[in-house]
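A short worksheet on the structure shown next.
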Amino acid sequence: SSSPAVITCKAAVAWGAGEPLVMEEVELSPPHPHEIRIKVFSSSLCRSDISAWESQASSQAIFPRIFGHEASGIVESIGEGVTEFREGDHVLTVFTGECRTCRQCTSGKSNVCQVLGLERRGVMHSDQKTRFSIKGKPVFHYCAVSSFSEYTVVHSGCAVKVSPNAPLEKICLLSCGVAAGLGAAWNVAAVSEGSTVVIFGLGTVGLSVAQGARLKGASRIIGVDTNPDKCEKAKAFGVTEFINPSDSSEPIQQVIKRITDGGADYSFECIGDTGMITTALQSWHQGWGLTVTLGVPKVKPEMSAHYGLLLTGRTLKGTIFGGWKPKSDLPSLVDMYMNKEIEVDKFITHDLPFEDINTAFSLMREGKCLRCVIHM
Ligand code: COD
Ligand code: ZN
């Protein structure tokens, strides 16, 4: 077939921190070598999109920018050297790619690719440039995905081919939040049967940890969240007890130790607050216990804790994307969804047309949704 050309399409562009997105006609270049151009089918909104869009930090002031990284789509065209994809393939995008050849990808010890790892500067990995522009002026990417657009270009290592039978409007959630939570429970913590689990933050990520823990037979799953609406919602995902820190004057770690006869076996930080990591560490059982951090802190990146907490044998682990290698592991998660072994649909509290994307941002900011799926 003839080589692909520049196209124009509609994209939701953020012009400044916290400013409502504006629907713009953007130019999108053809895929460069080893890249693919995707017709985005659906994209759900994840908290990280909001955090980056709201951030006043100068390192994050990358505008104009197209957010969105939890998405599904159909391959529209392929760049030179791409052998893995064809036009028409169904794909999930991933914010952390897998080149399959670098030292980390081949290590068997890490899911963080040296070449296609988390991109924070708003450009493509290969040439530090953008593929989007408006009247010739660059429009920046987010996590090298930028799915709040009718079309996008990603590195072929940042997309995963999935079964054409899977509903694209649902499985987009497996591209980030739901997979991250399940992976934290299964791959990183390896939650054991009969154990007690505490989850700080009951968004889609935290509730996916709950689902993962329930499927591994955890007997108590304690959810902690300052939003009282999460109490009812959380039960559907396996949370057995709910604690709202605003309801009690007793420190939360003390409450947990009291009700669990000495402390939890596992705790998970799904808020993005380093103070909560300290609290999570203090909620452990004496002599054992594992804390997994999933969030990226919005404010203070340093954390503090008394070394004695670790001295007696406790463990602190960090993870991104639940330890999954996207290319190797995501197709089987999609299959599990198709076989009804994992729940995805229940996380979708809202479906919205692309034009209403700012409504999705408001719903998430106000804590009124789990996932809003935006249909392109
Ligand atoms: N105490 C208790 N609960 C709180 C507090 C608090 N101080 N503050 C907020 N919460 C609750 C909120 O009420 C909400 O229910 C929950 O915490 C957070 O949920 P969501 O829906 O806002 O967010 P998620 O589940 O989509 O994601 C949360 C993460 C923290 C995991 C995410 O934002 C993140 O930091 N990801 C880091 C990894 C990363 O950058 N990956 C890149 C793509 S995600
Ligand atoms: Zn995300």
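Labeling convention for the structure tokens: chains A, B, ... as they appear, residues from 1 per chain, ligands from 1 in order of appearance.
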Exercise. Can you tell me which residues sit at most 6 Å away from ligand 1, counting only C-alpha atoms and all ligand atoms, written as a list in words?
Worked result: Cys46, Arg47, Ser48, Phe200, Gly201, Leu202, Gly203, Thr204, Val205, Gly206, Val224, Asp225, Thr226, Asn227, Cys270, Ile271, Gly272, Leu294, Gly295, Val296, Ile320 and Leu370 of chain A
Those same residues, written as an mmCIF file, in the first residue's frame with C-alpha atoms?
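See out39.cif below for the written result:
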data_model
loop_
_atom_site.group_PDB
_atom_site.id
_atom_site.type_symbol
_atom_site.label_atom_id
_atom_site.label_comp_id
_atom_site.auth_asym_id
_atom_site.auth_seq_id
_atom_site.Cartn_x
_atom_site.Cartn_y
_atom_site.Cartn_z
ATOM 1 C CA CYS A 46 -7.117 7.834 34.905
ATOM 2 C CA ARG A 47 -6.130 9.901 37.930
ATOM 3 C CA SER A 48 -2.620 10.421 36.533
ATOM 4 C CA PHE A 200 -5.292 3.011 51.142
ATOM 5 C CA GLY A 201 -7.293 4.763 48.405
ATOM 6 C CA LEU A 202 -10.327 3.134 46.777
ATOM 7 C CA GLY A 203 -10.179 4.430 43.231
ATOM 8 C CA THR A 204 -10.031 2.015 40.307
ATOM 9 C CA VAL A 205 -6.446 1.145 41.192
ATOM 10 C CA GLY A 206 -7.160 0.409 44.874
ATOM 11 C CA VAL A 224 -9.385 3.245 53.712
ATOM 12 C CA ASP A 225 -10.746 6.318 51.940
ATOM 13 C CA THR A 226 -11.748 9.843 52.892
ATOM 14 C CA ASN A 227 -14.669 9.801 50.431
ATOM 15 C CA CYS A 270 -3.097 3.684 46.059
ATOM 16 C CA ILE A 271 -3.456 7.408 46.772
ATOM 17 C CA GLY A 272 -0.198 8.979 45.709
ATOM 18 C CA LEU A 294 1.471 2.126 43.555
ATOM 19 C CA GLY A 295 0.927 5.872 43.634
ATOM 20 C CA VAL A 296 3.157 8.642 42.410
ATOM 21 C CA ILE A 320 4.688 0.459 38.258
ATOM 22 C CA LEU A 370 -14.481 5.264 39.158
#
For this session: Give the residues close to ligand 2, within 8 Å, counting only C-alpha atoms and all ligand atoms; write them as number ranges by chain.
Result: A: 45-49, 69-70, 95, 175-177
Against stretch 74-80 of chain A, which residues of stretch 145-187 of chain A fall within 10 Å? For each one I want the closest pair of atoms and the distance in Å (one decimal), counting only C-alpha atoms, rows by chain and increasing residue number, as a Markdown table.
| residue | atom | partner | partner_atom | distance |
| --- | --- | --- | --- | --- |
| A:Tyr151 | CA | A:Glu76 | CA | 8.5 |
| A:Thr152 | CA | A:Glu76 | CA | 9.5 |
| A:Val153 | CA | A:Ser77 | CA | 9.3 |
| A:His155 | CA | A:Gly79 | CA | 9.3 |
| A:Ser156 | CA | A:Ile78 | CA | 8.7 |
| A:Ala159 | CA | A:Val75 | CA | 9.7 |
| A:Lys161 | CA | A:Ile74 | CA | 9.4 |
| A:Pro164 | CA | A:Ile74 | CA | 9.6 |
| A:Leu168 | CA | A:Ile74 | CA | 9.1 |
For this session: Please give the complete set of residues from stretch 122-277 of chain A that DSSP, run on the backbone, assigns to strand (DSSP E), formatted as a ChimeraX atom specification.
Result: /A:132-134,137-139,151-155,159-161,196-200,220-224,241-243,266-269
Problem set entry | Shell around A:Arg121 at 12 Å using only C-alpha atoms, local window under 4 positions removed, as a ChimeraX atom specification | /A:52,58-63,65,117,125,127-130,139-144
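Closest approach to A:Ile252 among A:Val198, A:Cys105, A:Cys113, A:Cys372: A:Val198, based on only C-alpha atoms.
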List every residue of stretch 144-263 of chain A that has an atom at most 12 Å from any atom of stretch 352-360 of chain A, giving for each one its closest atom pair and the distance in Å to one decimal, counting only C-alpha atoms, sorted by chain and then by ascending residue number, as CSV.
residue,atom,partner,partner_atom,distance
A:Ser147,CA,A:Phe354,CA,11.0
A:Phe148,CA,A:Phe354,CA,8.0
A:Ser149,CA,A:Phe354,CA,8.6
A:Glu150,CA,A:Phe354,CA,8.8
A:Glu169,CA,A:Leu352,CA,11.0
Exercise. Among stretch 26-67 of chain A, which ones does DSSP place in helix (DSSP H, G or I), written as a PyMOL selection string?
Worked result: chain A and resi 47-54+58-60
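Here atom CA of A:Thr96 and atom CA of A:Ile50 stand 18.0 Å from one another.
Summary of the local environment: counting only C-alpha atoms, residues at most 10 Å from A:Thr291, other than itself and those fewer than 5 positions away along its chain, are Val188, Ala189, Val197, Val198, Ile199, Ala264, Asp265, Tyr266, Ser267, Phe268, Glu269, Ile277, Thr278, Ala280, Leu281, Gln282, Ser283, Trp284, Arg314, Thr315, Leu316, Lys317 and Gly318 of chain A.
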Limited to N, CA and C atoms, could you put the picked residues into a file as a PDB file, in the first residue's frame?
ATOM      1  N   VAL A 188       3.315  -8.613  42.612  1.00  0.00           N
ATOM      2  CA  VAL A 188       4.234  -7.910  43.501  1.00  0.00           C
ATOM      3  C   VAL A 188       4.092  -8.411  44.934  1.00  0.00           C
ATOM      4  N   ALA A 189       2.853  -8.478  45.425  1.00  0.00           N
ATOM      5  CA  ALA A 189       2.657  -8.926  46.809  1.00  0.00           C
ATOM      6  C   ALA A 189       2.466 -10.441  46.899  1.00  0.00           C
ATOM      7  N   VAL A 197      -5.574  -7.761  54.375  1.00  0.00           N
ATOM      8  CA  VAL A 197      -5.047  -6.780  53.433  1.00  0.00           C
ATOM      9  C   VAL A 197      -5.637  -5.417  53.765  1.00  0.00           C
ATOM     10  N   VAL A 198      -4.802  -4.372  53.726  1.00  0.00           N
ATOM     11  CA  VAL A 198      -5.316  -3.008  53.873  1.00  0.00           C
ATOM     12  C   VAL A 198      -4.996  -2.234  52.610  1.00  0.00           C
ATOM     13  N   ILE A 199      -5.993  -1.523  52.097  1.00  0.00           N
ATOM     14  CA  ILE A 199      -5.803  -0.739  50.873  1.00  0.00           C
ATOM     15  C   ILE A 199      -6.103   0.717  51.168  1.00  0.00           C
ATOM     16  N   ALA A 264      -1.755  -5.711  59.820  1.00  0.00           N
ATOM     17  CA  ALA A 264      -2.126  -6.388  58.574  1.00  0.00           C
ATOM     18  C   ALA A 264      -0.942  -7.156  57.993  1.00  0.00           C
ATOM     19  N   ASP A 265      -1.248  -8.107  57.115  1.00  0.00           N
ATOM     20  CA  ASP A 265      -0.199  -8.852  56.406  1.00  0.00           C
ATOM     21  C   ASP A 265       0.308  -8.071  55.199  1.00  0.00           C
ATOM     22  N   TYR A 266      -0.620  -7.397  54.528  1.00  0.00           N
ATOM     23  CA  TYR A 266      -0.263  -6.630  53.335  1.00  0.00           C
ATOM     24  C   TYR A 266      -0.948  -5.277  53.387  1.00  0.00           C
ATOM     25  N   SER A 267      -0.225  -4.245  52.949  1.00  0.00           N
ATOM     26  CA  SER A 267      -0.901  -2.960  52.754  1.00  0.00           C
ATOM     27  C   SER A 267      -0.463  -2.362  51.418  1.00  0.00           C
ATOM     28  N   PHE A 268      -1.383  -1.602  50.830  1.00  0.00           N
ATOM     29  CA  PHE A 268      -1.158  -1.047  49.491  1.00  0.00           C
ATOM     30  C   PHE A 268      -1.457   0.445  49.500  1.00  0.00           C
ATOM     31  N   GLU A 269      -0.539   1.254  48.986  1.00  0.00           N
ATOM     32  CA  GLU A 269      -0.744   2.695  48.896  1.00  0.00           C
ATOM     33  C   GLU A 269      -1.229   3.016  47.487  1.00  0.00           C
ATOM     34  N   ILE A 277       2.292   6.376  52.878  1.00  0.00           N
ATOM     35  CA  ILE A 277       3.228   5.239  52.876  1.00  0.00           C
ATOM     36  C   ILE A 277       3.702   5.007  54.305  1.00  0.00           C
ATOM     37  N   THR A 278       4.015   6.087  55.003  1.00  0.00           N
ATOM     38  CA  THR A 278       4.426   5.965  56.408  1.00  0.00           C
ATOM     39  C   THR A 278       3.314   5.304  57.217  1.00  0.00           C
ATOM     40  N   ALA A 280       0.983   3.377  56.109  1.00  0.00           N
ATOM     41  CA  ALA A 280       0.873   1.973  55.681  1.00  0.00           C
ATOM     42  C   ALA A 280       1.939   1.128  56.371  1.00  0.00           C
ATOM     43  N   LEU A 281       3.160   1.653  56.451  1.00  0.00           N
ATOM     44  CA  LEU A 281       4.237   0.908  57.114  1.00  0.00           C
ATOM     45  C   LEU A 281       3.900   0.658  58.578  1.00  0.00           C
ATOM     46  N   GLN A 282       3.255   1.623  59.189  1.00  0.00           N
ATOM     47  CA  GLN A 282       2.926   1.504  60.614  1.00  0.00           C
ATOM     48  C   GLN A 282       1.730   0.592  60.870  1.00  0.00           C
ATOM     49  N   SER A 283       1.060   0.178  59.798  1.00  0.00           N
ATOM     50  CA  SER A 283      -0.129  -0.678  59.956  1.00  0.00           C
ATOM     51  C   SER A 283       0.203  -2.161  59.895  1.00  0.00           C
ATOM     52  N   TRP A 284       1.485  -2.470  59.711  1.00  0.00           N
ATOM     53  CA  TRP A 284       1.906  -3.856  59.593  1.00  0.00           C
ATOM     54  C   TRP A 284       1.820  -4.635  60.880  1.00  0.00           C
ATOM     55  N   ARG A 314      10.003  -6.545  58.078  1.00  0.00           N
ATOM     56  CA  ARG A 314       8.971  -6.110  57.134  1.00  0.00           C
ATOM     57  C   ARG A 314       9.594  -5.647  55.817  1.00  0.00           C
ATOM     58  N   THR A 315       8.766  -5.602  54.796  1.00  0.00           N
ATOM     59  CA  THR A 315       9.249  -5.292  53.445  1.00  0.00           C
ATOM     60  C   THR A 315       8.448  -4.158  52.814  1.00  0.00           C
ATOM     61  N   LEU A 316       9.142  -3.280  52.122  1.00  0.00           N
ATOM     62  CA  LEU A 316       8.503  -2.204  51.346  1.00  0.00           C
ATOM     63  C   LEU A 316       8.887  -2.391  49.883  1.00  0.00           C
ATOM     64  N   LYS A 317       7.882  -2.427  49.022  1.00  0.00           N
ATOM     65  CA  LYS A 317       8.137  -2.642  47.591  1.00  0.00           C
ATOM     66  C   LYS A 317       7.429  -1.595  46.755  1.00  0.00           C
ATOM     67  N   GLY A 318       8.079  -1.151  45.707  1.00  0.00           N
ATOM     68  CA  GLY A 318       7.442  -0.242  44.770  1.00  0.00           C
ATOM     69  C   GLY A 318       7.098  -0.980  43.494  1.00  0.00           C
TER      70      GLY A 318
END
For this session: Using only C-alpha atoms, determine which residues lie at most 6 Å from stretch 26-29 of chain A, disregarding the query and same-chain residues fewer than 2 positions distant; provide the list as a PyMOL selection string.
Result: chain A and resi 6-9+24+131-134
Residues from last step as file, all heavy atoms, as a compact mmCIF listing (two decimals), in the first residue's frame:
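So selection-v2.txt came out as:
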# COMPACT_ATOMS: atom_id res chain seq x y z
N VAL A 6 0.31 12.82 6.34
CA VAL A 6 -0.18 13.60 7.49
C VAL A 6 -1.70 13.59 7.44
O VAL A 6 -2.28 13.72 6.36
CB VAL A 6 0.35 15.05 7.42
CG1 VAL A 6 -0.28 15.91 8.52
CG2 VAL A 6 1.86 15.09 7.52
N ILE A 7 -2.35 13.45 8.58
CA ILE A 7 -3.80 13.58 8.63
C ILE A 7 -4.17 14.70 9.59
O ILE A 7 -3.35 15.09 10.43
CB ILE A 7 -4.51 12.26 9.07
CG1 ILE A 7 -3.99 11.80 10.45
CG2 ILE A 7 -4.36 11.18 8.03
CD1 ILE A 7 -4.79 10.66 11.06
N THR A 8 -5.39 15.18 9.48
CA THR A 8 -5.88 16.09 10.51
C THR A 8 -7.03 15.38 11.22
O THR A 8 -7.76 14.60 10.61
CB THR A 8 -6.39 17.43 9.95
OG1 THR A 8 -7.47 17.15 9.06
CG2 THR A 8 -5.30 18.19 9.23
N CYS A 9 -7.15 15.64 12.51
CA CYS A 9 -8.23 15.02 13.28
C CYS A 9 -8.55 15.89 14.48
O CYS A 9 -7.87 16.88 14.75
CB CYS A 9 -7.83 13.61 13.71
SG CYS A 9 -6.48 13.55 14.89
N GLU A 24 -9.71 20.74 19.27
CA GLU A 24 -8.97 21.42 18.21
C GLU A 24 -8.79 20.46 17.03
O GLU A 24 -8.76 19.25 17.21
CB GLU A 24 -7.56 21.83 18.70
CG GLU A 24 -7.54 22.67 19.95
CD GLU A 24 -7.74 24.16 19.67
OE1 GLU A 24 -8.03 24.52 18.51
OE2 GLU A 24 -7.62 24.94 20.64
N ARG A 131 4.53 14.23 17.43
CA ARG A 131 3.90 13.88 16.14
C ARG A 131 2.68 14.77 15.89
O ARG A 131 2.18 14.83 14.79
CB ARG A 131 3.48 12.41 16.14
CG ARG A 131 4.60 11.42 16.40
CD ARG A 131 5.61 11.37 15.26
NE ARG A 131 6.73 10.50 15.63
CZ ARG A 131 7.88 10.94 16.14
NH1 ARG A 131 8.10 12.24 16.30
NH2 ARG A 131 8.84 10.08 16.46
N PHE A 132 2.20 15.44 16.94
CA PHE A 132 1.04 16.33 16.81
C PHE A 132 1.51 17.78 16.61
O PHE A 132 2.52 18.19 17.19
CB PHE A 132 0.21 16.33 18.10
CG PHE A 132 -0.53 15.04 18.37
CD1 PHE A 132 -0.07 14.16 19.34
CD2 PHE A 132 -1.71 14.74 17.70
CE1 PHE A 132 -0.76 12.99 19.63
CE2 PHE A 132 -2.41 13.57 17.98
CZ PHE A 132 -1.93 12.69 18.95
N SER A 133 0.71 18.54 15.85
CA SER A 133 0.96 19.98 15.77
C SER A 133 -0.35 20.70 15.45
O SER A 133 -1.32 20.08 15.00
CB SER A 133 2.01 20.28 14.69
OG SER A 133 1.56 19.83 13.44
N ILE A 134 -0.36 22.00 15.75
CA ILE A 134 -1.46 22.86 15.33
C ILE A 134 -0.83 23.99 14.53
O ILE A 134 0.01 24.72 15.05
CB ILE A 134 -2.26 23.41 16.54
CG1 ILE A 134 -2.96 22.28 17.28
CG2 ILE A 134 -3.27 24.47 16.08
CD1 ILE A 134 -3.77 22.71 18.49
